[in-house]
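Student: Below you'll find input-v7.txt; it's compact mmCIF, C-alpha atoms.
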# COMPACT_ATOMS: atom_id res chain seq x y z
CA MET A 1 -0.39 12.26 12.39
CA LEU A 2 -0.13 12.38 8.60
CA LYS A 3 -2.63 14.76 6.96
CA ILE A 4 -3.22 14.29 3.25
CA VAL A 5 -5.37 16.30 0.83
CA LEU A 6 -6.65 14.51 -2.28
CA ALA A 7 -7.57 17.00 -5.02
CA PRO A 8 -7.65 15.26 -8.43
CA ASP A 9 -9.70 16.03 -11.50
CA SER A 10 -11.77 13.27 -13.09
CA PHE A 11 -10.13 10.62 -15.27
CA LYS A 12 -12.25 11.09 -18.38
CA GLY A 13 -13.93 7.97 -19.64
CA SER A 14 -12.99 6.11 -16.49
CA LEU A 15 -13.54 7.62 -13.03
CA THR A 16 -15.17 10.73 -11.61
CA ALA A 17 -13.04 12.92 -9.36
CA PRO A 18 -14.78 11.60 -6.19
CA GLU A 19 -14.10 8.05 -7.40
CA VAL A 20 -10.43 8.90 -7.92
CA CYS A 21 -10.30 10.25 -4.37
CA ALA A 22 -11.91 7.09 -3.01
CA ALA A 23 -9.44 4.81 -4.80
CA LEU A 24 -6.42 6.80 -3.63
CA ALA A 25 -7.79 6.88 -0.08
CA ARG A 26 -8.07 3.09 -0.04
CA GLY A 27 -4.46 2.81 -1.09
CA ILE A 28 -3.29 5.31 1.50
CA ALA A 29 -5.12 3.37 4.21
CA ARG A 30 -3.11 0.26 3.30
CA SER A 31 0.17 2.05 4.05
CA ALA A 32 -0.90 4.61 6.67
CA PRO A 33 -4.08 3.44 8.41
CA ASP A 34 -4.04 6.37 10.84
CA ALA A 35 -3.63 9.10 8.20
CA ILE A 36 -6.23 11.84 8.05
CA VAL A 37 -7.39 12.07 4.44
CA ARG A 38 -9.38 15.04 3.18
CA SER A 39 -10.97 14.50 -0.22
CA LYS A 40 -11.41 17.65 -2.29
CA PRO A 41 -12.35 16.46 -5.80
CA MET A 42 -11.44 19.06 -8.41
CA ALA A 43 -12.59 20.13 -11.87
CA ASP A 44 -11.74 22.96 -14.26
CA GLY A 45 -15.10 23.81 -15.78
CA GLY A 46 -15.44 20.73 -17.96
CA GLU A 47 -16.89 17.30 -17.38
CA GLY A 48 -17.11 16.55 -13.65
CA THR A 49 -17.38 20.16 -12.48
CA LEU A 50 -20.92 19.72 -11.20
CA ASP A 51 -20.02 16.52 -9.32
CA ALA A 52 -16.94 18.12 -7.75
CA VAL A 53 -18.79 21.20 -6.55
CA LEU A 54 -21.79 19.35 -5.15
CA ALA A 55 -19.56 16.78 -3.43
CA ALA A 56 -17.68 19.60 -1.73
CA VAL A 57 -20.52 21.87 -0.60
CA GLY A 58 -22.55 19.08 0.98
CA GLY A 59 -25.97 19.96 2.34
CA VAL A 60 -26.13 23.48 0.91
CA GLY A 61 -26.08 22.09 -2.63
CA THR A 62 -28.71 19.98 -4.41
CA ARG A 63 -28.61 18.23 -7.76
CA TYR A 64 -31.58 18.58 -10.09
CA HIS A 65 -32.35 17.46 -13.63
CA ALA A 66 -34.14 19.05 -16.57
CA ARG A 67 -35.11 17.83 -20.03
CA VAL A 68 -33.61 20.11 -22.66
CA HIS A 69 -32.35 19.79 -26.21
CA GLY A 70 -28.91 18.26 -26.66
CA ALA A 71 -26.44 19.43 -29.27
CA ALA A 72 -28.10 17.40 -32.03
CA GLY A 73 -31.67 18.33 -31.04
CA LYS A 74 -32.48 15.13 -29.17
CA ASP A 75 -33.77 15.57 -25.60
CA VAL A 76 -31.18 15.00 -22.87
CA ASP A 77 -31.57 14.70 -19.11
CA ALA A 78 -29.23 17.49 -18.00
CA GLY A 79 -27.99 17.68 -14.44
CA TYR A 80 -27.46 21.00 -12.72
CA GLY A 81 -26.94 22.15 -9.16
CA ILE A 82 -28.42 24.77 -6.87
CA ILE A 83 -26.25 26.08 -4.04
CA ARG A 84 -27.98 28.12 -1.37
CA ASP A 85 -26.15 30.80 0.59
CA GLU A 86 -27.05 33.93 2.52
CA HIS A 87 -27.64 35.80 -0.74
CA GLY A 88 -29.96 33.25 -2.33
CA ASP A 89 -29.46 30.59 -4.99
CA ILE A 90 -26.53 29.99 -7.31
CA ALA A 91 -27.08 27.69 -10.28
CA VAL A 92 -24.10 25.53 -11.23
CA LEU A 93 -24.34 24.53 -14.88
CA GLU A 94 -22.02 22.25 -16.82
CA ALA A 95 -22.12 22.58 -20.60
CA ALA A 96 -20.92 19.00 -20.90
CA GLN A 97 -24.19 17.87 -19.29
CA VAL A 98 -26.11 19.37 -22.22
CA VAL A 99 -23.84 19.49 -25.26
CA GLY A 100 -20.98 17.26 -24.15
CA ILE A 101 -18.40 15.86 -26.54
CA THR A 102 -18.96 12.46 -24.90
CA ASP A 103 -22.54 12.37 -26.27
CA ALA A 104 -22.15 9.72 -28.98
CA HIS A 105 -25.48 10.61 -30.63
CA ALA A 106 -24.50 14.27 -30.97
CA MET A 107 -21.02 13.46 -32.23
CA ARG A 108 -22.52 11.40 -35.06
CA HIS A 109 -24.48 14.50 -36.10
CA PRO A 110 -22.68 16.97 -38.41
CA VAL A 111 -20.94 19.64 -36.33
CA GLU A 112 -22.53 22.34 -38.52
CA ARG A 113 -25.96 21.24 -37.29
CA ARG A 114 -25.12 21.16 -33.56
CA SER A 115 -26.39 23.89 -31.26
CA THR A 116 -26.06 25.18 -27.69
CA ARG A 117 -29.81 25.86 -27.55
CA GLY A 118 -30.34 23.40 -24.70
CA LEU A 119 -28.08 25.35 -22.36
CA GLY A 120 -30.09 28.48 -23.09
CA GLU A 121 -33.28 26.53 -22.39
CA LEU A 122 -31.87 25.51 -19.02
CA MET A 123 -30.94 29.10 -18.15
CA HIS A 124 -34.43 30.25 -19.21
CA LYS A 125 -36.02 27.69 -16.90
CA LEU A 126 -33.85 28.78 -13.98
CA LEU A 127 -34.63 32.44 -14.59
CA GLY A 128 -38.27 31.47 -14.19
CA ASP A 129 -37.37 29.80 -10.89
CA GLY A 130 -35.92 33.07 -9.64
CA VAL A 131 -32.22 32.32 -10.10
CA ARG A 132 -30.06 35.34 -10.89
CA ARG A 133 -26.59 33.96 -10.21
CA PHE A 134 -24.98 31.41 -12.50
CA SER A 135 -21.65 29.57 -12.52
CA VAL A 136 -21.28 27.95 -15.93
CA GLY A 137 -18.57 25.39 -16.70
CA VAL A 138 -18.02 25.53 -20.44
CA GLY A 139 -15.46 22.77 -21.02
CA GLY A 140 -16.04 19.56 -22.94
CA SER A 141 -18.58 20.80 -25.48
CA SER A 142 -19.27 19.31 -28.91
CA THR A 143 -20.57 22.56 -30.38
CA ASN A 144 -19.09 25.29 -32.57
CA ASP A 145 -22.04 27.66 -32.98
CA GLY A 146 -20.62 30.78 -31.33
CA GLY A 147 -23.18 30.34 -28.56
CA SER A 148 -25.91 31.35 -31.00
CA GLY A 149 -28.16 28.53 -29.81
CA LEU A 150 -27.97 29.70 -26.22
CA LEU A 151 -28.80 33.27 -27.27
CA ALA A 152 -31.69 32.12 -29.46
CA ALA A 153 -33.22 30.18 -26.56
CA LEU A 154 -33.04 33.39 -24.51
CA GLY A 155 -34.99 35.40 -27.08
CA VAL A 156 -32.43 36.61 -29.63
CA ALA A 157 -33.96 36.42 -33.12
CA LEU A 158 -31.65 35.44 -35.98
CA ARG A 159 -32.87 36.17 -39.53
CA ASP A 160 -31.67 36.02 -43.12
CA ALA A 161 -31.91 38.83 -45.67
CA ALA A 162 -35.58 38.04 -46.31
CA GLY A 163 -36.41 38.26 -42.62
CA THR A 164 -36.84 34.49 -42.28
CA PRO A 165 -35.57 32.91 -39.05
CA VAL A 166 -32.36 30.92 -39.45
CA GLU A 167 -31.20 27.91 -37.47
CA ALA A 168 -28.86 28.74 -34.57
CA THR A 169 -26.10 26.49 -35.92
CA PRO A 170 -23.03 27.14 -38.06
CA LEU A 171 -25.06 26.01 -41.09
CA GLY A 172 -27.91 28.39 -40.32
CA LEU A 173 -25.62 31.29 -39.44
CA ALA A 174 -24.14 31.10 -42.95
CA SER A 175 -27.19 33.04 -44.16
CA LEU A 176 -27.52 35.35 -41.14
CA ALA A 177 -28.25 38.96 -42.08
CA SER A 178 -29.84 40.52 -38.98
CA VAL A 179 -30.17 40.15 -35.21
CA ASP A 180 -33.19 41.32 -33.23
CA LEU A 181 -33.28 41.61 -29.42
CA THR A 182 -36.94 42.66 -29.16
CA GLN A 183 -37.89 39.40 -27.40
CA PHE A 184 -34.63 39.04 -25.48
CA ASP A 185 -35.15 38.00 -21.86
CA ALA A 186 -34.73 41.24 -19.90
CA ARG A 187 -34.22 39.34 -16.62
CA LEU A 188 -30.65 38.61 -17.72
CA ALA A 189 -29.71 42.25 -17.10
CA ALA A 190 -29.92 41.56 -13.37
CA CYS A 191 -27.84 38.37 -13.52
CA GLU A 192 -24.33 37.58 -12.37
CA ILE A 193 -22.64 35.00 -14.59
CA ALA A 194 -19.28 33.39 -13.82
CA ILE A 195 -17.82 31.55 -16.82
CA MET A 196 -15.61 28.68 -15.66
CA SER A 197 -13.02 27.99 -18.35
CA ASP A 198 -9.37 27.10 -18.84
CA VAL A 199 -9.38 28.48 -22.40
CA ASN A 200 -8.06 31.95 -23.26
CA ASN A 201 -8.70 31.88 -27.02
CA PRO A 202 -10.63 34.59 -28.87
CA LEU A 203 -13.72 33.74 -30.91
CA THR A 204 -12.17 33.80 -34.38
CA GLY A 205 -8.85 33.80 -36.20
CA ALA A 206 -5.83 31.52 -36.16
CA LEU A 207 -6.18 30.99 -32.39
CA GLY A 208 -9.98 31.05 -32.40
CA ALA A 209 -12.60 28.49 -31.48
CA THR A 210 -12.87 26.86 -34.92
CA ALA A 211 -9.18 26.77 -35.81
CA ILE A 212 -7.99 25.37 -32.48
CA PHE A 213 -10.87 23.25 -31.19
CA GLY A 214 -13.05 22.65 -34.26
CA PRO A 215 -11.16 19.64 -35.62
CA GLN A 216 -11.64 17.59 -32.43
CA LYS A 217 -15.38 18.21 -32.77
CA GLY A 218 -15.53 17.12 -36.39
CA VAL A 219 -14.77 20.27 -38.38
CA ALA A 220 -12.92 19.17 -41.52
CA ALA A 221 -9.64 20.94 -42.27
CA GLY A 222 -11.09 22.37 -45.46
CA ASP A 223 -14.06 23.87 -43.59
CA VAL A 224 -12.20 25.68 -40.80
CA GLU A 225 -11.73 28.99 -42.63
CA ARG A 226 -15.31 29.05 -43.92
CA ILE A 227 -16.91 28.36 -40.53
CA ASP A 228 -14.56 30.87 -38.90
CA ARG A 229 -15.88 33.51 -41.31
CA VAL A 230 -19.46 32.51 -40.40
CA LEU A 231 -18.74 33.09 -36.71
CA GLY A 232 -17.01 36.36 -37.55
CA ASN A 233 -20.11 37.60 -39.38
CA PHE A 234 -22.31 36.47 -36.49
CA ALA A 235 -20.14 38.47 -34.08
CA ALA A 236 -20.22 41.53 -36.34
CA LEU A 237 -24.03 41.51 -36.24
CA VAL A 238 -24.75 40.47 -32.66
CA GLN A 239 -22.19 42.61 -30.82
CA PRO A 240 -23.65 46.00 -31.82
CA ALA A 241 -27.11 44.73 -30.87
CA PHE A 242 -25.88 44.05 -27.32
CA GLY A 243 -23.56 47.03 -27.20
CA ARG A 244 -20.73 44.75 -26.08
CA PHE A 245 -17.66 43.94 -28.17
CA VAL A 246 -16.13 40.84 -26.67
CA ALA A 247 -15.06 38.61 -29.56
CA GLU A 248 -11.37 39.33 -28.98
CA ARG A 249 -11.51 38.86 -25.24
CA PRO A 250 -9.77 35.84 -23.70
CA GLY A 251 -12.22 32.98 -23.31
CA SER A 252 -14.59 34.01 -26.09
CA GLY A 253 -13.40 30.98 -28.05
CA ALA A 254 -14.21 28.56 -25.24
CA ALA A 255 -16.70 25.79 -26.06
CA GLY A 256 -16.97 26.72 -29.72
CA GLY A 257 -17.85 30.31 -28.88
CA LEU A 258 -20.14 29.65 -25.93
CA GLY A 259 -17.73 31.82 -23.94
CA PHE A 260 -18.42 34.62 -26.41
CA ALA A 261 -22.20 34.40 -25.96
CA LEU A 262 -21.95 34.31 -22.17
CA GLN A 263 -19.69 37.38 -22.20
CA LEU A 264 -22.28 39.14 -24.37
CA LEU A 265 -24.68 38.49 -21.50
CA GLY A 266 -22.25 40.22 -19.13
CA GLY A 267 -20.49 37.12 -17.91
CA THR A 268 -16.95 37.19 -16.55
CA VAL A 269 -14.38 34.53 -17.44
CA ARG A 270 -12.52 32.97 -14.54
CA SER A 271 -10.19 30.02 -14.30
CA GLY A 272 -12.57 27.10 -13.88
CA ALA A 273 -10.17 25.29 -11.58
CA ALA A 274 -9.71 28.42 -9.45
CA VAL A 275 -13.47 28.85 -9.08
CA VAL A 276 -13.86 25.22 -8.05
CA ALA A 277 -10.90 25.43 -5.65
CA ASP A 278 -12.47 28.42 -3.93
CA ARG A 279 -15.90 26.82 -3.82
CA ILE A 280 -14.66 23.56 -2.27
CA GLY A 281 -12.42 25.21 0.33
CA LEU A 282 -9.15 23.82 -1.01
CA ASP A 283 -6.96 26.41 0.73
CA ALA A 284 -8.46 25.68 4.14
CA ALA A 285 -7.84 21.96 3.63
CA LEU A 286 -4.21 22.59 2.63
CA ALA A 287 -3.48 24.99 5.48
CA ASP A 288 -2.27 22.28 7.91
CA ALA A 289 -1.68 19.42 5.47
CA ASP A 290 1.53 17.43 5.17
CA TRP A 291 1.03 16.25 1.61
CA ALA A 292 -1.34 16.61 -1.34
CA ILE A 293 -2.07 14.40 -4.33
CA THR A 294 -3.64 15.64 -7.54
CA GLY A 295 -4.04 14.23 -11.04
CA GLU A 296 -6.12 13.88 -14.19
CA GLY A 297 -6.68 11.45 -17.02
CA ARG A 298 -3.63 12.60 -18.98
CA SER A 299 -1.02 15.21 -18.05
CA ASP A 300 0.96 17.10 -20.67
CA ARG A 301 2.06 20.68 -21.30
CA GLN A 302 -1.56 21.81 -21.37
CA THR A 303 -1.78 20.88 -17.68
CA LEU A 304 0.19 24.05 -16.97
CA LEU A 305 -2.50 26.20 -18.65
CA ALA A 306 -4.47 26.53 -15.40
CA LYS A 307 -5.76 22.95 -15.49
CA ALA A 308 -6.90 21.54 -12.15
CA PRO A 309 -3.61 19.83 -11.16
CA TYR A 310 -1.63 23.01 -11.83
CA VAL A 311 -4.00 25.13 -9.73
CA VAL A 312 -3.77 22.57 -6.92
CA ALA A 313 0.04 22.67 -7.16
CA GLN A 314 0.07 26.47 -6.93
CA ARG A 315 -2.27 26.49 -3.94
CA ALA A 316 -0.23 23.76 -2.22
CA LYS A 317 3.01 25.65 -2.84
CA ALA A 318 1.54 28.74 -1.18
CA HIS A 319 0.95 26.64 1.94
CA GLY A 320 4.35 24.93 1.82
CA VAL A 321 2.78 21.55 1.06
CA ALA A 322 4.43 18.95 -1.18
CA VAL A 323 2.11 17.86 -4.00
CA THR A 324 2.40 14.71 -6.10
CA LEU A 325 0.89 14.26 -9.56
CA VAL A 326 -0.78 10.89 -10.23
CA SER A 327 -2.46 10.74 -13.64
CA GLY A 328 -3.71 8.03 -15.93
CA ALA A 329 -0.82 8.89 -18.22
CA VAL A 330 1.98 11.46 -18.18
CA ASP A 331 3.44 12.67 -21.46
CA ASP A 332 7.19 11.97 -21.38
CA ALA A 333 7.84 15.02 -23.54
CA ALA A 334 6.20 17.25 -20.92
CA LEU A 335 8.03 15.90 -17.86
CA ALA A 336 10.68 18.61 -17.91
CA SER A 337 7.92 21.26 -17.85
CA LEU A 338 5.80 19.49 -15.23
CA ALA A 339 8.55 18.43 -12.83
CA PRO A 340 9.25 21.87 -11.26
CA HIS A 341 5.65 22.09 -10.08
CA PHE A 342 5.23 18.66 -8.50
CA SER A 343 7.09 16.43 -6.05
CA GLY A 344 7.00 13.57 -8.50
CA CYS A 345 4.89 12.86 -11.59
CA PHE A 346 3.47 9.35 -11.94
CA GLY A 347 1.32 7.49 -14.45
CA LEU A 348 -0.77 4.51 -13.43
CA PRO A 349 0.54 1.23 -14.85
CA ASN A 350 3.83 -0.21 -13.58
CA ALA A 351 3.92 -2.51 -16.61
CA PRO A 352 2.73 -2.21 -20.22
CA LEU A 353 -1.06 -2.33 -20.41
CA ALA A 354 -3.49 -1.71 -23.25
CA LEU A 355 -5.48 1.52 -22.92
CA ASP A 356 -8.78 -0.34 -22.55
CA GLU A 357 -7.37 -2.39 -19.69
CA CYS A 358 -5.97 0.71 -17.97
CA ILE A 359 -9.40 2.33 -18.14
CA ALA A 360 -11.17 -0.79 -16.87
CA ARG A 361 -8.70 -1.21 -14.00
CA ALA A 362 -8.23 2.47 -13.16
CA ALA A 363 -9.57 2.24 -9.61
CA GLU A 364 -7.42 -0.80 -8.84
CA LEU A 365 -4.32 0.86 -10.31
CA LEU A 366 -4.95 4.09 -8.42
CA GLU A 367 -5.34 2.23 -5.15
CA ALA A 368 -2.00 0.48 -5.72
CA ARG A 369 -0.34 3.79 -6.61
CA GLY A 370 -1.77 5.41 -3.49
CA ALA A 371 -0.33 2.67 -1.27
CA GLU A 372 3.06 2.76 -2.99
CA LEU A 373 3.43 6.54 -2.92
CA THR A 374 2.38 6.73 0.71
CA ARG A 375 5.16 4.31 1.64
CA LEU A 376 7.62 6.43 -0.34
CA PHE A 377 6.39 9.63 1.29
CA LEU A 378 6.73 8.18 4.79
CA ALA A 379 10.20 6.87 4.01
CA ALA A 380 11.28 10.27 2.62
CA ARG A 381 9.85 12.09 5.62
CA SER A 382 11.63 9.76 8.01
CA ALA A 383 14.94 10.16 6.15
CA GLY A 384 14.50 13.92 6.05
CA GLY A 385 13.89 14.34 9.74
CA GLY A 386 10.13 14.50 9.68
CA SER A 387 9.35 16.83 6.78
CA VAL A 388 9.39 16.73 2.99
CA LYS A 389 7.78 20.13 2.52
Please express what this file holds, its structure, as structure tokens.
Tutor:
Amino acid sequence: MLKIVLAPDSFKGSLTAPEVCAALARGIARSAPDAIVRSKPMADGGEGTLDAVLAAVGGVGTRYHARVHGAAGKDVDAGYGIIRDEHGDIAVLEAAQVVGITDAHAMRHPVERRSTRGLGELMHKLLGDGVRRFSVGVGGSSTNDGGSGLLAALGVALRDAAGTPVEATPLGLASLASVDLTQFDARLAACEIAIMSDVNNPLTGALGATAIFGPQKGVAAGDVERIDRVLGNFAALVQPAFGRFVAERPGSGAAGGLGFALQLLGGTVRSGAAVVADRIGLDAALADADWAITGEGRSDRQTLLAKAPYVVAQRAKAHGVAVTLVSGAVDDAALASLAPHFSGCFGLPNAPLALDECIARAAELLEARGAELTRLFLAARSAGGGSVK
């Protein structure tokens, strides 16, 4: 009997990872009604991470909501998860739930006035609830504040030369002269923080948070160097206060420097997709599988930088399982790089379609692709004597 593992990421702006799994499963059922399909929705630390983890862990995980400040200061209803194991509670946080780049209100606000304060507020609340273990997905943020907002919400005082508090934003940090940890939340010393990220950039410099990711968040080309210097000054003041020097570490530039702030708190950067794969039991599902399907909204060369489909492909390869990539779109220029890692790379439409129509019809198109590819897989397996591994 055919055993198939479905392990896609979300299709941003269209379908969640569980919805992608459901659509593919419907298509598979049209061509192989008796197939055993195991859905293992994936994520890499960005939007959809919380959904993927909670969908996988089932009854040991619960979704909650809290009202905190969004990137532009407006209250948002942020989702988070609590997973219970033999050692207690683990909080699963997704930065995109609080300061997400998909928040239209925040994106209309100047990037120099956006802050990660709400994520710090959420951590402060959970500390009060007794949580001491955190898994934080930092992808998909709209902020570029070096994580100063998160630190400020946890008790770090930021002041100008006159001793006046400054706003924990790039604009406020421009006048930062001193950092005070007198009121810093001491409970964080006992915490374990896993930072889920697929970004290896440092905080500042030509490959830093502002230079690489700032423009997509609204940083004007002429402001990149200035804001980079602001974050550099922030790091020069806050690192000695914590006694940790992490600005050059891989991942410090994630989420506009949120990765930097979390590493100051003692957090450890891990591949977001690898953390999710471990949490959802992907290897166990692949162990006796015949075939796997993964995908994402758009696949290009960045997919190979530890994005969810690449991690799925590596795990599948270790188990001798063929894995097919089915994404909303596949960059033609990246096919030569992607092809060695997948048994076929496919986009959704079979005919020219406008982007809006592709998004609106994503579930329908995925179902059709699932049916078509299952027929091809069965035909290849039959022609190959029963195996395409």
Student: Using only C-alpha atoms for the distances, tell me which of A:Asp332, A:Pro110, A:Asp103, A:Gly370 is nearest to A:Gly13.
Tutor: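 Closest to A:Gly13 of all the choices is A:Asp103.
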Student: Which residues, protein or nucleic acid, reach to within 10 Å of (-21.8, 19.3, -10.0) in the file's coordinates when using all atoms listed in the file, and can you give that as a PyMOL selection string?
Tutor: chain A and resi 43+45+47-57+61-64+79-82+91-94+97+137
Student: What does the distance from atom CA of A:Gly253 to atom CA of A:Val166 come to in Å, to one decimal?
Tutor: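 If I compute the distance from atom CA of A:Gly253 to atom CA of A:Val166, I get 22.1 Å.
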Student: To one decimal place, how far is atom CA of A:Arg30 from atom CA of A:Ala371 in Å?
Tutor: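 One can read the atom CA of A:Arg30 to atom CA of A:Ala371 distance as 5.9 Å.
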Student: Which residues come within 9 Å of stretch 116-131 of chain A, counting all atoms listed in the file, excluding same-chain residues fewer than 4 positions away, as a PDB file with C-alpha atoms, keeping the file's coordinate frame?
Tutor:
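Contents of the output file out14.pdb:
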ATOM      1  CA  ALA A  66     -34.140  19.050 -16.570  1.00  0.00           C
ATOM      2  CA  ARG A  67     -35.110  17.830 -20.030  1.00  0.00           C
ATOM      3  CA  VAL A  68     -33.610  20.110 -22.660  1.00  0.00           C
ATOM      4  CA  HIS A  69     -32.350  19.790 -26.210  1.00  0.00           C
ATOM      5  CA  GLY A  70     -28.910  18.260 -26.660  1.00  0.00           C
ATOM      6  CA  ALA A  71     -26.440  19.430 -29.270  1.00  0.00           C
ATOM      7  CA  GLY A  73     -31.670  18.330 -31.040  1.00  0.00           C
ATOM      8  CA  ASP A  75     -33.770  15.570 -25.600  1.00  0.00           C
ATOM      9  CA  VAL A  76     -31.180  15.000 -22.870  1.00  0.00           C
ATOM     10  CA  ALA A  78     -29.230  17.490 -18.000  1.00  0.00           C
ATOM     11  CA  TYR A  80     -27.460  21.000 -12.720  1.00  0.00           C
ATOM     12  CA  GLY A  88     -29.960  33.250  -2.330  1.00  0.00           C
ATOM     13  CA  ASP A  89     -29.460  30.590  -4.990  1.00  0.00           C
ATOM     14  CA  ILE A  90     -26.530  29.990  -7.310  1.00  0.00           C
ATOM     15  CA  ALA A  91     -27.080  27.690 -10.280  1.00  0.00           C
ATOM     16  CA  LEU A  93     -24.340  24.530 -14.880  1.00  0.00           C
ATOM     17  CA  GLU A  94     -22.020  22.250 -16.820  1.00  0.00           C
ATOM     18  CA  ALA A  95     -22.120  22.580 -20.600  1.00  0.00           C
ATOM     19  CA  GLN A  97     -24.190  17.870 -19.290  1.00  0.00           C
ATOM     20  CA  VAL A  98     -26.110  19.370 -22.220  1.00  0.00           C
ATOM     21  CA  VAL A  99     -23.840  19.490 -25.260  1.00  0.00           C
ATOM     22  CA  SER A 141     -18.580  20.800 -25.480  1.00  0.00           C
ATOM     23  CA  THR A 143     -20.570  22.560 -30.380  1.00  0.00           C
ATOM     24  CA  ASN A 144     -19.090  25.290 -32.570  1.00  0.00           C
ATOM     25  CA  ASP A 145     -22.040  27.660 -32.980  1.00  0.00           C
ATOM     26  CA  GLY A 146     -20.620  30.780 -31.330  1.00  0.00           C
ATOM     27  CA  GLY A 147     -23.180  30.340 -28.560  1.00  0.00           C
ATOM     28  CA  SER A 148     -25.910  31.350 -31.000  1.00  0.00           C
ATOM     29  CA  GLY A 149     -28.160  28.530 -29.810  1.00  0.00           C
ATOM     30  CA  LEU A 150     -27.970  29.700 -26.220  1.00  0.00           C
ATOM     31  CA  LEU A 151     -28.800  33.270 -27.270  1.00  0.00           C
ATOM     32  CA  ALA A 152     -31.690  32.120 -29.460  1.00  0.00           C
ATOM     33  CA  ALA A 153     -33.220  30.180 -26.560  1.00  0.00           C
ATOM     34  CA  LEU A 154     -33.040  33.390 -24.510  1.00  0.00           C
ATOM     35  CA  ALA A 168     -28.860  28.740 -34.570  1.00  0.00           C
ATOM     36  CA  THR A 169     -26.100  26.490 -35.920  1.00  0.00           C
ATOM     37  CA  ASP A 185     -35.150  38.000 -21.860  1.00  0.00           C
ATOM     38  CA  ARG A 187     -34.220  39.340 -16.620  1.00  0.00           C
ATOM     39  CA  LEU A 188     -30.650  38.610 -17.720  1.00  0.00           C
ATOM     40  CA  CYS A 191     -27.840  38.370 -13.520  1.00  0.00           C
ATOM     41  CA  LEU A 258     -20.140  29.650 -25.930  1.00  0.00           C
TER      42      LEU A 258
END
Student: Using all atoms listed in the file, find the one residue out of A:Leu265, A:Ala96, A:Ile227, A:Cys358 that sits nearest to A:Ala211.
Tutor: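 Nearest candidate to A:Ala211 out of A:Leu265, A:Ala96, A:Ile227, A:Cys358: A:Ile227.
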Student: Tell me, in Å to one decimal, how far atom CA of A:Ser14 is from atom CA of A:Arg361.
Tutor: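 Atom-to-atom, atom CA of A:Ser14 and atom CA of A:Arg361 are spaced 8.8 Å apart.
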Student: Just want the 7 Å neighbourhood of stretch 318-327 of chain A, counted on all atoms listed in the file, with same-chain residues fewer than 5 positions away dropped. Output as a PyMOL selection string.
Tutor: chain A and resi 286-287+289-299+313+342-348+388-389
Student: Counting only C-alpha atoms, what is within 7 Å of A:Leu264, bar same-chain residues fewer than 5 positions away, as a list in words?
Tutor: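 Neighbouring residues, sequence-local ones excluded: Phe242, Arg244 and Val246 of chain A.
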Student: Identify which of the residues A:Ala17, A:Ala35, A:Val330, A:Ala186 lies closest to A:Met1, counting only C-alpha atoms when measuring atom-to-atom distances.
Tutor: A:Ala35
Student: Between A:Cys21, A:Ala104, A:Ala339, A:Ala383, which one has atoms that come closest to A:Lys74, using all atoms listed in the file?
Tutor: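 Answer, going by the shortest atom-to-atom distance: A:Ala104.
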Student: Choose the residue, out of A:Leu304, A:Ala362, A:Gln239, A:Ile36, that has the smallest atom-to-atom separation from A:Glu19; count all atoms listed in the file.
Tutor: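 Using all atoms listed in the file, the shortest distance to A:Glu19 belongs to A:Ala362.
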Student: Leaving out A:Pro349 and any residue of its chain fewer than 3 positions from it, which residues lie within 10 Å of it when counting only C-alpha atoms, given as a list in words?
Tutor: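 The neighbour list is Gly328, Ala329, Phe346, Pro352, Leu353, Ala354, Glu357, Cys358, Arg361, Ala362, Leu365, Leu366, Ala368 and Arg369 of chain A.
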Student: Please identify all polymer residues within 6 Å of A:Phe184, counting all atoms listed in the file, omitting same-chain residues fewer than 3 positions from it, and present them as a list in words.
Tutor: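 That gives Leu154, Gly155, Val156 and Leu181 of chain A.
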Student: Could you please give me, as a ChimeraX atom specification, the residues of protein, DNA or RNA lying at most 8 Å from (-10.3, 34.8, -30.2) in the coordinate frame of the file, considering only C-alpha atoms?
Tutor: /A:200-205,207-209,247-253
Student: Can you write just those residues out, C-alpha atoms, as a compact mmCIF listing (two decimals), keeping the file's coordinate frame?
Tutor:
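Result saved to out_29.txt:
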# COMPACT_ATOMS: atom_id res chain seq x y z
CA ASN A 200 -8.06 31.95 -23.26
CA ASN A 201 -8.70 31.88 -27.02
CA PRO A 202 -10.63 34.59 -28.87
CA LEU A 203 -13.72 33.74 -30.91
CA THR A 204 -12.17 33.80 -34.38
CA GLY A 205 -8.85 33.80 -36.20
CA LEU A 207 -6.18 30.99 -32.39
CA GLY A 208 -9.98 31.05 -32.40
CA ALA A 209 -12.60 28.49 -31.48
CA ALA A 247 -15.06 38.61 -29.56
CA GLU A 248 -11.37 39.33 -28.98
CA ARG A 249 -11.51 38.86 -25.24
CA PRO A 250 -9.77 35.84 -23.70
CA GLY A 251 -12.22 32.98 -23.31
CA SER A 252 -14.59 34.01 -26.09
CA GLY A 253 -13.40 30.98 -28.05
Student: Counting all atoms listed in the file, which of A:Ala274, A:Leu15, A:Leu6, A:Ala308 gets nearest to A:Gly27?
Tutor: A:Leu6
